[in-house]
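Undergrad: Quick one: this structure, given as structure tokens, is what I'll be asking you about.
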Amino acid sequence: PVLVVDFGAQYAQLIARRVREAKVYSEIVPHTMPVEAMMAKKPAAIILSGGPSSVYAPGAPSVDPALFDQGVPVMGICYGFQAMAAALGGRVAHTGVREYGGTAVDVCEAGVLLAGSAQSQMTWMSHGDAVHDAPDGFVVLATSPGSPVAAFEDADRKLFGMQWHPEVKHSQGGQAALENFLYHGAGLAPTWTADNVVAAQMELIREQVGSDQVICGLSGGVDSSVAAALVQRAIGDQLTCVFVDHGLLREGEAEQVEVDFVQSTGVHLKVIDAREQFLNALAGVTDPETKRKIIGREFIRAFEGAAREIVADAGDKDGDVKWLVQGTLYPDVVESGGGEGAANIKSHHNVGGLPDDLQFQLIEPLRTLFKDEVRAVGVELGVPDEIVWRQPFPGPGLGIRIIGEVTAERLAILRQADAIAREELTRAGLDREIWQCPVVLLADVRSVGVQGDGRTYGHPIVLRPVSSEDAMTADWSRLPYDVLSVISTRITNEVRDVNRVVLDVTSKPPGTIEWE
Ligand code: XMP
């Protein structure tokens, strides 16, 4: 792999993504990892990321100079560039000029790193210190007002560095510089593609499980579907998927999993009809957290019941399903400590998470992948577009989109309104533009309306379309008025007991995406 050494800023994940966009596999490692341990991973190249500190600040992370004597190509970025310069005998100092945001850089010598780049380019910087003198043997490639040495290289030793952030889209030629490093500096080929990922994972899964039985909780979402499809491709009938229909699904959802997914993958599916169980458990409950806890608990019960049945069905084995497939993604792994150590099941990953005493060993075929890469693998595996490009849908489903008590009647109202909104957004071609559009029923609120010749006293439906990159923050989507108009007209005309449609124009923060 290409190792991205994380110096503690937000950029390491972004760098890892850009390297993968160049079709080269990358992994993030902490800067505290000793050089020996890095070498044990047999890195094809190493990238030192940006970081928050000054190289001269007490306790600032440094780079072991031994790193540069391993014959492995290295590229330093921002803080990593300065730490590299300092470690190799260059001079880093305060210039008095801080450069933040868009900064013009003059290229004086293209070298390998900046080959093909413009003479002068806008780049994205964020630093207070600067490299004043390059280490011996290095050629200065670029300068900026605040950085006498803004980029350098020693192509013979395969060492490269730049002050600006090539991984940030605002940096002109950023991706090209990264690719120059990877392809020409380090001599790597762009071979990390979805079909190679699939092939490698299939081999790994087969090795792992041998002839054991495997189960997978399927939600119909992208991650669990692609994980299941991959495992199915590897071991076929040894896998059983469990889909819990909790009655809080949207229209057509259960059918989509049963028909589309099973048909495209041939997966062995066990559907658990737990609709009544969930409704009974939710009766009379209005508090959002209580709802979530109940839904989580009931989900676990249903899943455990299914697992026991599968164990019983498997019969001839030593009575055990040993393996559980989880759709854990790379950001989850990185955020829970870089994946060195025991795997832990994230509680928000499915509804409420699975209990620790389930005692399965985990298969996590997506744990090295980012979301967009999971989609690419899904496409490669022939998972239908409807699933691969699905917008996020919360595990607790419509249960947290009915404000008030959840009842069968209210679910029917919301399901119909939601189906109309989704149909019209799809018709308008907006599906990939918006992140998701929760449709919410204010079940305890009534307002006066006039429909036909009569007065009505019905419920409002809230549309909550949002744009987001990662759901951590979001903005309300500026949907075209004519699309909103069609949705509003259709919902008030077609859905019984709804006489008003309102638009949520709150960003996150302060509002969350879901209403509960
Ligand atoms: P919030 O409401 O916290 O939602 O802004 C952020 C994103 O997470 C989804 N979400 C969930 N997904 N289980 C899930 O699998 C949950 O309990 C859950 N709650 C919220 C939400 O749809 C949005 O995409």
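We name chains A, B, ... following the order of the structure tokens; residues begin at 1 in each chain, and ligands are numbered from 1 as shown.
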If we count only C-alpha atoms, what is near Gln10 (chain A) at a cut-off of 10 Å, once residues fewer than 3 positions away on the same chain are taken out, given as a list in words?
TA: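 So the residues in contact are Asp6, Phe7, Gln13, Leu14, Ile15, Ser49, Gly50, Gly51 and Pro52 of chain A.
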Undergrad: Give me the residues within 12 Å of Phe299 (chain A) as a CSV table (one decimal) with N, CA and C atoms, in the first residue's frame, counting only C-alpha atoms and dropping any in the same chain fewer than 3 places off.
TA:
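Ended up saving to part08.csv:
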chain,number,residue,atom,x,y,z
A,217,GLY,N,-26.9,-9.5,8.4
A,217,GLY,CA,-28.1,-8.7,8.5
A,217,GLY,C,-28.2,-7.8,7.4
A,218,LEU,N,-29.4,-7.9,6.6
A,218,LEU,CA,-29.5,-7.1,5.4
A,218,LEU,C,-30.5,-6.0,5.7
A,219,SER,N,-30.2,-4.7,5.4
A,219,SER,CA,-31.1,-3.6,5.7
A,219,SER,C,-31.7,-3.1,4.4
A,242,VAL,N,-30.4,-12.1,6.6
A,242,VAL,CA,-31.6,-12.0,7.4
A,242,VAL,C,-32.1,-10.6,7.2
A,243,PHE,N,-33.3,-10.5,6.7
A,243,PHE,CA,-34.0,-9.2,6.6
A,243,PHE,C,-35.1,-9.1,7.6
A,244,VAL,N,-35.1,-8.1,8.5
A,244,VAL,CA,-36.1,-8.0,9.4
A,244,VAL,C,-37.1,-6.9,8.9
A,245,ASP,N,-38.3,-7.3,8.6
A,245,ASP,CA,-39.3,-6.4,8.2
A,245,ASP,C,-40.0,-5.9,9.5
A,246,HIS,N,-39.7,-4.7,9.9
A,246,HIS,CA,-40.2,-4.2,11.2
A,246,HIS,C,-41.5,-3.3,11.0
A,247,GLY,N,-41.9,-3.2,9.7
A,247,GLY,CA,-43.1,-2.5,9.5
A,247,GLY,C,-42.9,-1.0,9.4
A,248,LEU,N,-41.7,-0.5,9.6
A,248,LEU,CA,-41.4,0.9,9.6
A,248,LEU,C,-40.6,1.2,8.3
A,272,ILE,N,-37.9,-12.0,8.1
A,272,ILE,CA,-38.6,-12.1,9.3
A,272,ILE,C,-39.7,-11.1,9.4
A,273,ASP,N,-40.9,-11.5,9.4
A,273,ASP,CA,-42.0,-10.6,9.5
A,273,ASP,C,-42.3,-10.2,11.0
A,274,ALA,N,-41.8,-9.1,11.4
A,274,ALA,CA,-41.9,-8.7,12.8
A,274,ALA,C,-42.7,-7.4,12.9
A,275,ARG,N,-43.6,-7.2,12.0
A,275,ARG,CA,-44.4,-6.0,12.0
A,275,ARG,C,-45.3,-5.8,13.2
A,277,GLN,N,-45.0,-7.4,16.1
A,277,GLN,CA,-44.1,-7.3,17.3
A,277,GLN,C,-43.6,-5.8,17.5
A,278,PHE,N,-43.2,-5.2,16.5
A,278,PHE,CA,-42.7,-3.8,16.6
A,278,PHE,C,-43.9,-2.8,17.0
A,281,ALA,N,-44.8,-3.2,20.5
A,281,ALA,CA,-43.8,-2.6,21.4
A,281,ALA,C,-43.8,-1.1,21.4
A,292,ARG,N,-36.4,4.9,19.8
A,292,ARG,CA,-35.1,4.3,19.2
A,292,ARG,C,-34.7,3.1,20.0
A,293,LYS,N,-34.8,3.2,21.3
A,293,LYS,CA,-34.3,2.0,22.1
A,293,LYS,C,-35.2,0.8,21.9
A,294,ILE,N,-36.5,1.1,21.9
A,294,ILE,CA,-37.4,0.0,21.7
A,294,ILE,C,-37.2,-0.7,20.3
A,295,ILE,N,-37.0,0.1,19.3
A,295,ILE,CA,-36.8,-0.4,17.9
A,295,ILE,C,-35.5,-1.2,17.9
A,296,GLY,N,-34.5,-0.7,18.5
A,296,GLY,CA,-33.2,-1.4,18.6
A,296,GLY,C,-33.3,-2.8,19.3
A,302,ALA,N,-35.5,-10.0,17.0
A,302,ALA,CA,-35.9,-10.7,15.8
A,302,ALA,C,-34.6,-11.3,15.1
A,303,PHE,N,-33.5,-10.6,15.1
A,303,PHE,CA,-32.3,-11.1,14.5
A,303,PHE,C,-31.8,-12.4,15.2
A,304,GLU,N,-31.8,-12.3,16.5
A,304,GLU,CA,-31.3,-13.5,17.3
A,304,GLU,C,-32.2,-14.7,17.0
A,305,GLY,N,-33.5,-14.4,16.9
A,305,GLY,CA,-34.5,-15.5,16.6
A,305,GLY,C,-34.1,-16.2,15.3
A,306,ALA,N,-33.9,-15.3,14.3
A,306,ALA,CA,-33.5,-15.8,13.0
A,306,ALA,C,-32.2,-16.6,13.0
A,350,ASN,N,-26.3,-0.5,12.6
A,350,ASN,CA,-27.6,-1.0,12.3
A,350,ASN,C,-28.6,-0.4,13.3
A,351,VAL,N,-29.8,-0.9,13.3
A,351,VAL,CA,-30.7,-0.4,14.3
A,351,VAL,C,-30.2,-0.8,15.7
A,352,GLY,N,-29.7,0.2,16.4
A,352,GLY,CA,-29.3,-0.1,17.8
A,352,GLY,C,-28.0,-1.0,17.9
A,353,GLY,N,-27.6,-1.6,16.8
A,353,GLY,CA,-26.4,-2.4,16.9
A,353,GLY,C,-26.7,-3.8,17.4
A,354,LEU,N,-25.8,-4.7,17.3
A,354,LEU,CA,-26.0,-6.1,17.7
A,354,LEU,C,-25.3,-6.3,19.1
A,355,PRO,N,-25.9,-7.1,19.9
A,355,PRO,CA,-25.3,-7.3,21.3
A,355,PRO,C,-24.0,-8.0,21.2
A,395,GLY,N,-32.0,3.3,10.3
A,395,GLY,CA,-32.4,2.0,10.7
A,395,GLY,C,-33.8,2.0,11.4
A,396,PRO,N,-34.1,3.0,12.3
A,396,PRO,CA,-35.4,3.0,12.9
A,396,PRO,C,-36.5,3.4,12.0
A,397,GLY,N,-36.2,3.7,10.7
A,397,GLY,CA,-37.2,3.9,9.7
A,397,GLY,C,-38.2,5.0,9.9
Undergrad: Could you give me, as a list in words, the residues within 7 Å of Val222 (chain A), counting only C-alpha atoms and dropping anything in the same chain fewer than 4 positions from it?
TA: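 Once the nearby chain positions are removed, what remains is Val226, Ile387, Val388 and Arg390 of chain A.
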Undergrad: Using only C-alpha atoms, can you tell me which of A:Ala417, A:Val450, A:Ala22, A:Val440 comes closest to Ser488 (chain A)?
TA: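 Answer, going by the shortest atom-to-atom distance: A:Ala417.
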Undergrad: Rank A:Gln416, A:Thr492, A:Ser447, A:Ser224 by their smallest atom-to-atom distance to ligand 1, using only C-alpha atoms and all ligand atoms, and report the top residue only.
TA: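 Between A:Gln416, A:Thr492, A:Ser447, A:Ser224, the residue approaching ligand 1 most closely is A:Ser224.
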Undergrad: Could you find all residues in region 380-474 of chain A that DSSP calls alpha helix (DSSP H) from the backbone, and write them as number ranges by chain?
TA: A: 380, 385-388, 408-427
Undergrad: Would you save the residues from that selection as a CSV table (one decimal), in the first residue's frame, using C-alpha atoms?
TA:
chain,number,residue,atom,x,y,z
A,380,GLU,CA,-18.9,-4.4,-10.3
A,385,ASP,CA,-28.6,0.7,-9.4
A,386,GLU,CA,-31.6,1.2,-7.1
A,387,ILE,CA,-29.6,-0.2,-4.3
A,388,VAL,CA,-26.2,1.0,-5.2
A,408,ALA,CA,-50.5,1.4,11.6
A,409,GLU,CA,-52.8,4.1,10.3
A,410,ARG,CA,-50.2,6.8,10.7
A,411,LEU,CA,-47.6,4.6,9.0
A,412,ALA,CA,-49.9,4.2,6.1
A,413,ILE,CA,-50.3,7.9,5.7
A,414,LEU,CA,-46.6,8.6,5.9
A,415,ARG,CA,-45.7,5.8,3.6
A,416,GLN,CA,-48.0,7.2,0.9
A,417,ALA,CA,-46.7,10.7,1.3
A,418,ASP,CA,-43.1,9.6,1.2
A,419,ALA,CA,-43.7,7.5,-1.9
A,420,ILE,CA,-45.1,10.5,-3.7
A,421,ALA,CA,-42.2,12.7,-2.7
A,422,ARG,CA,-39.7,10.1,-3.8
A,423,GLU,CA,-41.4,9.5,-7.0
A,424,GLU,CA,-41.4,13.2,-7.9
A,425,LEU,CA,-37.8,13.8,-6.9
A,426,THR,CA,-36.8,10.8,-9.0
A,427,ARG,CA,-38.9,12.1,-11.9
Undergrad: Measuring between only C-alpha atoms, which one of A:Gly101, A:Pro365, A:Gly137, A:Gly76 shows the shortest distance to Leu178 (chain A)?
TA: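 When distances to Leu178 (chain A) are compared using only C-alpha atoms, the smallest one comes from A:Gly76.
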Undergrad: Report, in Å with one decimal, the straight-line distance from CA of Gly399 (chain A) to CA of Arg250 (chain A).
TA: 10.5 Å
Undergrad: Quick one, how far is CA of Gly221 (chain A) from atom 19 (N, counted along the ligand's line) of ligand 1?
TA: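 So the two atoms, CA of Gly221 (chain A) and atom 19 (N, counted along the ligand's line) of ligand 1, lie 13.3 Å apart.
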Undergrad: For the structure I just gave you, how does DSSP split region 261-462 of chain A - specifically, which residues are strand (DSSP E)? Reply as a ChimeraX atom specification.
TA: /A:268-273,321-325,361-363,402-403,439-442,447-451,454-462
Undergrad: Grab the residues selected above and save them as a short mmCIF file (atom, residue, chain, number, x, y, z; two decimals), in the first residue's frame with C-alpha atoms.
TA:
data_model
loop_
_atom_site.label_atom_id
_atom_site.label_comp_id
_atom_site.auth_asym_id
_atom_site.auth_seq_id
_atom_site.Cartn_x
_atom_site.Cartn_y
_atom_site.Cartn_z
CA HIS A 268 -30.27 -17.04 0.28
CA LEU A 269 -32.66 -14.71 2.13
CA LYS A 270 -34.59 -15.20 5.33
CA VAL A 271 -37.28 -12.57 5.82
CA ILE A 272 -38.58 -12.11 9.32
CA ASP A 273 -42.03 -10.57 9.50
CA VAL A 321 -23.02 -20.11 12.68
CA LYS A 322 -19.60 -18.71 13.42
CA TRP A 323 -19.45 -15.71 11.17
CA LEU A 324 -21.36 -12.48 10.89
CA VAL A 325 -20.96 -10.15 7.90
CA GLN A 361 -16.59 -13.58 14.43
CA LEU A 362 -16.84 -10.70 12.00
CA ILE A 363 -16.32 -10.63 8.28
CA ILE A 402 -43.87 10.14 12.83
CA ILE A 403 -43.82 12.83 15.46
CA VAL A 439 -40.71 13.07 4.85
CA VAL A 440 -42.16 13.64 8.30
CA LEU A 441 -45.71 13.34 9.62
CA LEU A 442 -46.68 15.73 12.42
CA SER A 447 -54.54 22.57 11.03
CA VAL A 448 -57.60 23.85 9.23
CA GLY A 449 -57.89 23.50 5.50
CA VAL A 450 -60.44 23.64 2.77
CA GLN A 451 -60.64 20.77 0.31
CA GLY A 454 -65.56 21.36 2.92
CA ARG A 455 -63.49 22.36 5.87
CA THR A 456 -60.81 19.86 6.83
CA TYR A 457 -58.83 19.44 9.99
CA GLY A 458 -55.82 17.42 8.97
CA HIS A 459 -52.12 16.81 9.58
CA PRO A 460 -49.10 18.58 8.08
CA ILE A 461 -46.40 16.72 6.20
CA VAL A 462 -42.88 18.14 6.38
#
Undergrad: Find the residues around region 191-194 of chain A up to 6 Å (only C-alpha atoms counted), leave out those fewer than 4 positions away in its own chain, and share them as a compact mmCIF listing (two decimals) with N, CA and C atoms, in the first residue's frame.
TA:
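Here's the written file part_5.txt:
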# COMPACT_ATOMS: atom_id res chain seq x y z
N LYS A 23 -6.26 5.34 -8.43
CA LYS A 23 -6.25 3.88 -8.57
C LYS A 23 -5.02 3.22 -7.96
N VAL A 24 -4.59 3.78 -6.85
CA VAL A 24 -3.49 3.19 -6.09
C VAL A 24 -4.01 2.99 -4.68
N TYR A 25 -3.82 1.81 -4.12
CA TYR A 25 -4.36 1.51 -2.79
C TYR A 25 -3.58 2.26 -1.71
N VAL A 377 -17.79 -1.04 -6.16
CA VAL A 377 -17.74 -2.50 -5.99
C VAL A 377 -19.14 -3.09 -6.22
Undergrad: Measuring between only C-alpha atoms and all ligand atoms, which one of A:Asp372, A:Glu309, A:Glu364, A:Glu289 shows the shortest distance to ligand 1?
TA: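 Among A:Asp372, A:Glu309, A:Glu364, A:Glu289, it is A:Glu289 that comes nearest to ligand 1.
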Undergrad: Could you check which of A:Thr240, A:Ser485, A:Thr32, A:Thr506 is closest to ligand 1, using only C-alpha atoms and all ligand atoms?
TA: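 Closest to ligand 1 of all the choices is A:Thr506.
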Undergrad: Rounded to one decimal place, report the CA of Gln70 (chain A)-CA of Met39 (chain A) distance in Å.
TA: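 That distance, rounded to one decimal, is 8.1 Å.
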